[in-house]
Each structure stands twice: as structure tokens, then as C-alpha cells.
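K.L.:
Before we start, here is the structure in question, set down as C-alpha cells.
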Amino acid sequence: MDVVLNFGAPTKSDDDPDPWGNRVRPGTVRRVLAYFRPHLGLVALFIAIAALEAAVVIATPLLMKELIDGGILKNDFGVVILMAVLTAALAVVGALLSLFSAYVSARMGEGVTYDLRVQAIDHVRSLPVAFFTRTQTGVLVGRLHTELIMAQQSFGHLLMSATSAVTVLLVLAEMFYLSWLVAVVTLVLIPLFVVPWVYVGRMIQKRTGRLMEANAGLGGLLHERFNVQGAMLSKLFGRPDEEMADYRDRSGKIRDIGVSISIWGRMSFAMMALMASIATAVVYGIGGGLVIDGAFQLGTLIAIATLLGRLLGPITQLSGLQETAQTVVVSFSRIFELLDLKPLIQERPGAGELEKDVAPDIEFDDVTFRYPTANEVSLASLEHLRTKRENEELSADVLRGISFQAPAGTLTALVGPSGAGKSTITHLVSRLYDPNSGTVRVGGSDLRDLTFDSLRETIGVVSQDAYLFHDTIRENLLYARPTATEEELIEACKGAQIWELIESLPRGFDTVTGDRGYRMSGGEKQRLAIARLLLKAPTVVVLDEATAHLDSESEAAVQRALKTALRSRTSIVIAHRLSTIREADQILVIDGGTVRERGTHDELLAQDGLYAELYRTQFANPDRFGPKPEPEPEIDEEPEPVATFMGHGG
């Protein structure tokens, strides 16, 4: 197999000189150092230990000098024994200091990466839903987790190697003390290697960014292909040969970049080793002549040669330290890029809270909304497929001048063609987005003036595609209210018409739902989502076609449960089956981002407008609006195969 190595600069886009965020931005190192402020005590301790370790390193050659000049050459056995004992003692002290240094550096490095990881995760949680709709999940997880692990591991090596710089300085100082001539000659050689060493470091930095990007891209692809739905789609519609070719191509790029980084890293190491070897030859050549001329004794030459050997180790570490440091800086830079993405939805200082246990009214006042652009909510390096046109063009208005009131304790239904803006209205109610103009009020207060916590407590949502974590039924339900008792869990499940099913399972509430709840049928997931809503007991309820996946019998049961659950609560319901909203207090017909009609079921039929047309069409051709699903088979506790568990596919 031919391996093509590219030692040049990474390929860049003509439109964006750094499309994937691999370039280290100015100020990155300063920002990294800022994370050490909470750990200044450990930093001071680490510096002290590093100084002591360096002192032990330079003390040993001085003892050897005395052992040779004052002991062996003078036939003084006592001096020989004393120097040998002291040398052994220093070795023990050095070993203990090395262990203590490893502990302190690990505490400091882990603390810094912990702070950055927690800050990054908290920041991502604050980003709007639009960010997650554009971002490739696997790439985001790679940046928050995999790349931080790389930085964390490299950071530990970086701190452990930091003593090398102190050792180099002290060793050079002692060499000047023993022979300024030999030290000067050694120093003259160093710049000859430092300049190319810096160039090598820049090459390593570029390739490290490309390697992280390639790993993130492959991770994102695997995340999409190997979740349960992606795996099924791939088996049913996939092209295995083409997909494997793509995997091989991506893996090949990672391989080639890795080989390139390894070669550049070895080049850095080779230059440092070459410098040490040439310096050693110079020391013995010049120092040997000085001993013959009587400028100093043999012990001094041995001490200088030993110091040079002590210099070799730190310089070798420093050569690898550059590659390690570049990895850390690039990783931190990519995290900082994410941290610099400002959330569009933010809680105002001094935000108020909604009154609890009281159903509020909801009002839309001349609301206009468009979905944000890619540059407003996301990063090109997290999308991979963003185009220049997507960056520049604004999306069209989805809602235009929407105004309506949903009085407290009433049910408002939203109907209309697909893409009319119904789901967008519910997103604004739960403040997943903010309107571009106009105001959304709950309980008479602008949503932007209310705390996030009070909104979460007040508003409950059941979407058409219910989502469950890969956890037990119990934990999925307790996510709504962690303090709920067993009796409250059972009561909620009875209300959602799912208790009999759970009770029949061998493990009951401790049954695992599977990835995204995929071990359950659509109707079962939907009823669990409704149970979760009932457990939360919000005063505002948003239902986005919550009964779409239920069979006729389950739908009727859940409708009865919802009728009780929605009593005395303010509700907004999206419905495609118009028969389910006949008793709504008001129906809003949404078309083209505006409220085209409004009224009760009978009033809208009397108007003989769009609603009446939709109603007649639906009952003339019910399948056009989605056929009723087949009745769900009974659950089977056997974990395999997936298709037979919990009536999957029912």
C-alpha cells in the first residue's frame, strides 16, 4: 500500500483561510494561563519542587568532582566513602521529589482541564436549539470529550516536563562555574538548533489541528451510522462498498497525518540529540586539552561531562515538549472557539418568576420570527457541510405578525398545512427561541423577563417524536421530577394508560428503554412521554400531535387521560387529526406564517374557509393526514432481537 505524506501546509479553502478552526488564535496561551489562577498554591508548590529536583541534578556532578579530585586522586578513602553515600542519598531524595512532583502536577493539570470541561459543557447547554439542529453530534461530543482527554493527557506530560527548563538553566549555570570557556562553546551551538526547532513546532501545530479535525469528522460519521436508527437505515438503504470506501478514505487521512506528525516529532528529537552529541564531543575535546594544560583537574572534566549528560535528558524532554505543548494549545484553542460562541437566548439580570400553581394566560403580540443563520448560532468546524451561501443568506420569516391570546385554563388548538409555522409557535412559547420582533407573554410577563427555572417549572411539552434516554423507565420518568414517589410514578403511568404494560414486565420500572427508547414502540414511547408530563404537572401544556403514534384504542384512552390532565391548565395543542380538537376553546388556522382563521370548531366550519376545507378533505381521505397505526403487540422482555422487543415497529 502506498502511503502519501504531505509535509507542506494544510490545504485551505479559498473562501475561508481557516474554515475548521485549526489556527491558534492570538491570546490563546494567555487564556490557558488564566485557568491556573485558582490553582496558584499548587503552582507555587510545583515550582518549589521543580527547583529542588534541579538542585539534586546539579549537586551530583559536584559530588563526583570532589570524589575524584579530593578522594581518588589524593588516595583519601574517607572522602570517597562520604561522597558515595551522599550521592546515593541524593538519588533517594530525587526519586521522592519526582513522585511528589508527579502528584502535584497531576492535581494541577487535572484541575485545569476539569474547570475547562465543566465550563464548556455548561456553555453548550446554554446554546439555543438552533445550534444543535446544525451541529453534527459526534463532532461536538468529540470536541467536548475526546479532544479534552487528549489535552488532559498532554497537559500532564507538559507539566511533568516543565522541570526540564529549570534543570537546563541550572546545569548551564554550573557549567559556567566550572569552565566558562566550555559553557560558552556549548551555548554557541544551541541557536543552530533552536531556529529549526521552532519551525518544526509550527509544522506539528498545523498537523495536530488537522488530525483533531479528521478524528472529529470520522467520529461524527460513526455516531450517525452506528446509532440504532442510522444502523437500520444503513442496512435497509445503505451502500456498503461505498460507505467502506469512505471509512477507508477518512481513516487513511488520519493515518497519513499521524505519520507526518510522528516524523516531524522525530525530527525535533533528532535535532536535540544531535546537539547533545556534538556538545559532548566539544566538551571532551576542549576540556581534555584544558586538563592536559593543567587549567583544571580530571574531576572537573568528569563533572562537566556528567552535567552535559544531565542536559541531554531535559533537552530531549523539551524536544517532545514542543509537540505536547502544541497539542494542548490547539485543543484549548478549539474549546475557546466554542466558548466564544454567544448564546442567543440569555436570562436577563433580575429576571422575575412566574406564579406557581396558577395557570397563566399566553399572548402573542405582533410576533415576527425567522430562524437564525449558521454564523449566528454555530461554527463551521462543527458542521463540515456548511456552504458559503448558508453563511451569507438570511432565512425567510417563518412567522409574520402573529397575534392571539390563549386565556388561562383554556385549550388553544393550532391547525394548518405542514410548514405553516405551528411548531415554531410552540417553540416560542417554551422559549427555545426569541422572536425577532413583537412579544410573547406568559402570565402578563414578557418571556424574556422571566427566569429559565420558572419557565421550565411552568411549561411542559410532549412532542410528536418522544425521546427517551438509554436508561430505565423509572429514570426516564424521574427526569421530570426526581423527588417523585413510587405511588406518584404509578399514578402518572395509570393516567397515561401505560401502567398495565409496565406492571406486566418482569423488571417493571427497571426495564431499560434502549437507545432513544428504540426498544419500545412509538405508541409506548408516546405514552411514557405523557406520563412524564403528568408527573411534572406543569400549569402550561404544549402538545405537538401527542397522539400521532397511538392506535385507535390507545388514542381514545390517552385522550381521556389528557382531558383530565389538561383541566385547569393553559394548553396549546398542534393537531393534524381535526377530530381530536372539536372541544378546543379556540382553534387557530395557521397558514404561511400568519393566523388566517380563528374560532371554535363550529364557527370555523360555518365560515367555510381553509379549516372547513381541511376538515372535509380529511374525512374524505383520512390516509392523507396519516393512517392510524396498527395495534401494538405485547412486550417481550427478551433483549434480542430488537424488532420484537416491546412491540417495536407496531
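Identifiers in the C-alpha cells: chain A, B, ... in order shown; residue index from 1 per chain; ligand index from 1 in order shown.
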Write out as a list in words the residues lying within 9 Å of Leu468 of chain A, counting only C-alpha atoms and excluding same-chain residues fewer than 6 positions away.

P.N.:
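The contact residues come out as Asn476, Thr513, Gly514, Asp515, Arg516, Gly517, Tyr518, Lys525, Leu528 and Ala529 of chain A.
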
K.L.:
Would you kindly return, as a list in words, each protein, DNA or RNA residue with an atom no farther than 10 Å from any atom of segment 406-410 of chain A, considering only C-alpha atoms and excluding same-chain residues fewer than 5 positions away?

P.N.:
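Those residues are Val358, Ala359, Pro360, Asp361, Ile362, Glu363, Phe364, Val442, Gly443, Thr539, Val540, Leu566, Arg567, Ser568, Arg569, Thr570, Ser571, Ile572, Ala584, Asp585 and Gln586 of chain A.
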
K.L.:
Limited to C-alpha atoms, could you put the picked residues into a file as a PDB file, in the first residue's frame?

P.N.:
```
ATOM      1  CA  VAL A 358     -51.649  29.085  38.813  1.00  0.00           C
ATOM      2  CA  ALA A 359     -52.394  28.592  35.133  1.00  0.00           C
ATOM      3  CA  PRO A 360     -51.270  31.756  33.287  1.00  0.00           C
ATOM      4  CA  ASP A 361     -52.609  33.237  30.092  1.00  0.00           C
ATOM      5  CA  ILE A 362     -50.475  33.278  26.917  1.00  0.00           C
ATOM      6  CA  GLU A 363     -50.318  36.171  24.488  1.00  0.00           C
ATOM      7  CA  PHE A 364     -48.592  36.682  21.142  1.00  0.00           C
ATOM      8  CA  VAL A 442     -46.989  34.350  29.780  1.00  0.00           C
ATOM      9  CA  GLY A 443     -48.954  35.484  32.797  1.00  0.00           C
ATOM     10  CA  THR A 539     -49.561  24.782  34.514  1.00  0.00           C
ATOM     11  CA  VAL A 540     -48.919  25.290  30.778  1.00  0.00           C
ATOM     12  CA  LEU A 566     -55.350  19.494  30.894  1.00  0.00           C
ATOM     13  CA  ARG A 567     -58.199  20.601  33.105  1.00  0.00           C
ATOM     14  CA  SER A 568     -57.473  23.980  34.706  1.00  0.00           C
ATOM     15  CA  ARG A 569     -54.257  24.259  32.686  1.00  0.00           C
ATOM     16  CA  THR A 570     -53.453  26.557  29.776  1.00  0.00           C
ATOM     17  CA  SER A 571     -52.884  24.309  26.776  1.00  0.00           C
ATOM     18  CA  ILE A 572     -51.636  24.754  23.234  1.00  0.00           C
ATOM     19  CA  ALA A 584     -60.973  23.256  21.932  1.00  0.00           C
ATOM     20  CA  ASP A 585     -61.862  26.676  23.342  1.00  0.00           C
ATOM     21  CA  GLN A 586     -60.367  28.244  20.234  1.00  0.00           C
TER      22      GLN A 586
END
```

K.L.:
Which residues of segment 248-367 of chain A come within 10 Å of segment 123-139 of chain A, and for each one, what is the closest pair of atoms and their distance in Å to one decimal, counting only C-alpha atoms, sorted by chain and residue number, as a tab-separated table?

P.N.:
```
residue	atom	partner	partner_atom	distance
A:Leu338	CA	A:Val124	CA	8.0
A:Leu339	CA	A:His123	CA	6.6
A:Asp340	CA	A:His123	CA	9.4
A:Leu341	CA	A:Leu127	CA	8.4
A:Lys342	CA	A:Leu127	CA	7.6
A:Pro343	CA	A:Leu127	CA	4.8
A:Leu344	CA	A:Pro128	CA	6.4
A:Ile345	CA	A:Pro128	CA	6.3
A:Gln346	CA	A:Ser126	CA	7.8
A:Glu347	CA	A:Ser126	CA	9.9
```

K.L.:
So which one's closest to Met520 of chain A, A:Thr472, A:Ser430, A:Thr483, A:Ser164? Using only C-alpha atoms, please.

P.N.:
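That would be A:Thr472, the residue with the smallest distance to Met520 of chain A.
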
K.L.:
Identify which of the residues A:Leu562, A:Phe469, A:Thr87, A:Gln405 lies closest to Ala492 of chain A, counting only C-alpha atoms when measuring atom-to-atom distances.

P.N.:
A:Leu562

K.L.:
To one decimal place, how far is atom CA of Asp453 of chain A from atom CA of Leu477 of chain A in Å?

P.N.:
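Atom CA of Asp453 of chain A sits 18.9 Å away from atom CA of Leu477 of chain A.
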
K.L.:
So that I can see what lies close to Val79 of chain A, please list as a PDB file with C-alpha atoms, in the first residue's frame the residues with an atom at most 7 Å from it, counting only C-alpha atoms and leaving out residues fewer than 5 positions away in the same chain.

P.N.:
```
ATOM      1  CA  LEU A  67      35.108  12.205  44.873  1.00  0.00           C
ATOM      2  CA  GLY A  70      39.610  15.107  46.613  1.00  0.00           C
ATOM      3  CA  GLY A  71      39.290  11.367  47.111  1.00  0.00           C
TER       4      GLY A  71
END
```

K.L.:
Just how far from atom CA of Ala106 of chain A is atom CA of Phe336 of chain A, in Å to one decimal?

P.N.:
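Taking atom CA of Phe336 of chain A and atom CA of Ala106 of chain A, their separation equals 22.3 Å.
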
K.L.:
From a DSSP calculation on the backbone, collect every residue of segment 362-437 of chain A in alpha helix (DSSP H) and output the set as a ChimeraX atom specification.

P.N.:
/A:374-377,388-392,422-429

K.L.:
Residues of the last selection are to be written out with N, CA and C atoms, as a JSON list (two decimals), in the first residue's frame.

P.N.:
```
[["chain", "number", "residue", "atom", "x", "y", "z"],
["A", 374, "ALA", "N", -26.48, 30.33, 10.12],
["A", 374, "ALA", "CA", -25.40, 29.49, 10.65],
["A", 374, "ALA", "C", -24.39, 30.30, 11.45],
["A", 375, "ASN", "N", -24.00, 31.46, 10.94],
["A", 375, "ASN", "CA", -23.00, 32.27, 11.63],
["A", 375, "ASN", "C", -23.50, 32.80, 12.97],
["A", 376, "GLU", "N", -24.81, 32.90, 13.12],
["A", 376, "GLU", "CA", -25.36, 33.42, 14.37],
["A", 376, "GLU", "C", -25.37, 32.39, 15.48],
["A", 377, "VAL", "N", -25.44, 31.12, 15.13],
["A", 377, "VAL", "CA", -25.66, 30.11, 16.17],
["A", 377, "VAL", "C", -24.65, 28.97, 16.17],
["A", 388, "LYS", "N", -20.97, 28.44, 1.61],
["A", 388, "LYS", "CA", -20.83, 29.90, 1.66],
["A", 388, "LYS", "C", -22.18, 30.57, 1.57],
["A", 389, "ARG", "N", -23.08, 30.02, 0.79],
["A", 389, "ARG", "CA", -24.41, 30.62, 0.64],
["A", 389, "ARG", "C", -25.15, 30.58, 1.97],
["A", 390, "GLU", "N", -25.02, 29.49, 2.72],
["A", 390, "GLU", "CA", -25.68, 29.38, 4.01],
["A", 390, "GLU", "C", -25.15, 30.42, 4.98],
["A", 391, "ASN", "N", -23.88, 30.75, 4.86],
["A", 391, "ASN", "CA", -23.28, 31.73, 5.76],
["A", 391, "ASN", "C", -23.82, 33.12, 5.51],
["A", 392, "GLU", "N", -24.11, 33.45, 4.26],
["A", 392, "GLU", "CA", -24.40, 34.83, 3.91],
["A", 392, "GLU", "C", -25.89, 35.16, 3.89],
["A", 422, "LYS", "N", -46.68, 26.18, 12.81],
["A", 422, "LYS", "CA", -47.32, 25.76, 14.06],
["A", 422, "LYS", "C", -46.29, 25.36, 15.12],
["A", 423, "SER", "N", -45.33, 24.51, 14.75],
["A", 423, "SER", "CA", -44.32, 24.09, 15.73],
["A", 423, "SER", "C", -43.46, 25.27, 16.17],
["A", 424, "THR", "N", -43.22, 26.21, 15.26],
["A", 424, "THR", "CA", -42.44, 27.39, 15.62],
["A", 424, "THR", "C", -43.14, 28.18, 16.72],
["A", 425, "ILE", "N", -44.46, 28.28, 16.66],
["A", 425, "ILE", "CA", -45.21, 28.98, 17.72],
["A", 425, "ILE", "C", -44.99, 28.29, 19.06],
["A", 426, "THR", "N", -45.03, 26.96, 19.10],
["A", 426, "THR", "CA", -44.82, 26.25, 20.36],
["A", 426, "THR", "C", -43.38, 26.42, 20.85],
["A", 427, "HIS", "N", -42.43, 26.52, 19.92],
["A", 427, "HIS", "CA", -41.04, 26.75, 20.33],
["A", 427, "HIS", "C", -40.89, 28.11, 21.01],
["A", 428, "LEU", "N", -41.63, 29.09, 20.53],
["A", 428, "LEU", "CA", -41.55, 30.42, 21.13],
["A", 428, "LEU", "C", -42.21, 30.42, 22.51],
["A", 429, "VAL", "N", -43.28, 29.63, 22.69],
["A", 429, "VAL", "CA", -43.94, 29.57, 23.99],
["A", 429, "VAL", "C", -42.99, 29.03, 25.06]]
```

K.L.:
With a distance cut-off of 8 Å and only C-alpha atoms, select the neighbouring residues of Thr167 of chain A, excluding the residue or stretch itself and same-chain residues fewer than 6 positions from it, and output the selection as a list in words.

P.N.:
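Here the qualifying residues turn out to be Ala51, Glu53, Ala54, Ala55, Val57, Ile58, Leu311 and Pro314 of chain A.
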
K.L.:
Excluding segment 34-43 of chain A and residues on its chain fewer than 3 positions from it, collect all residues at most 6 Å away from it, counting only C-alpha atoms, and give them as a PyMOL selection string.

P.N.:
chain A and resi 31+46+112
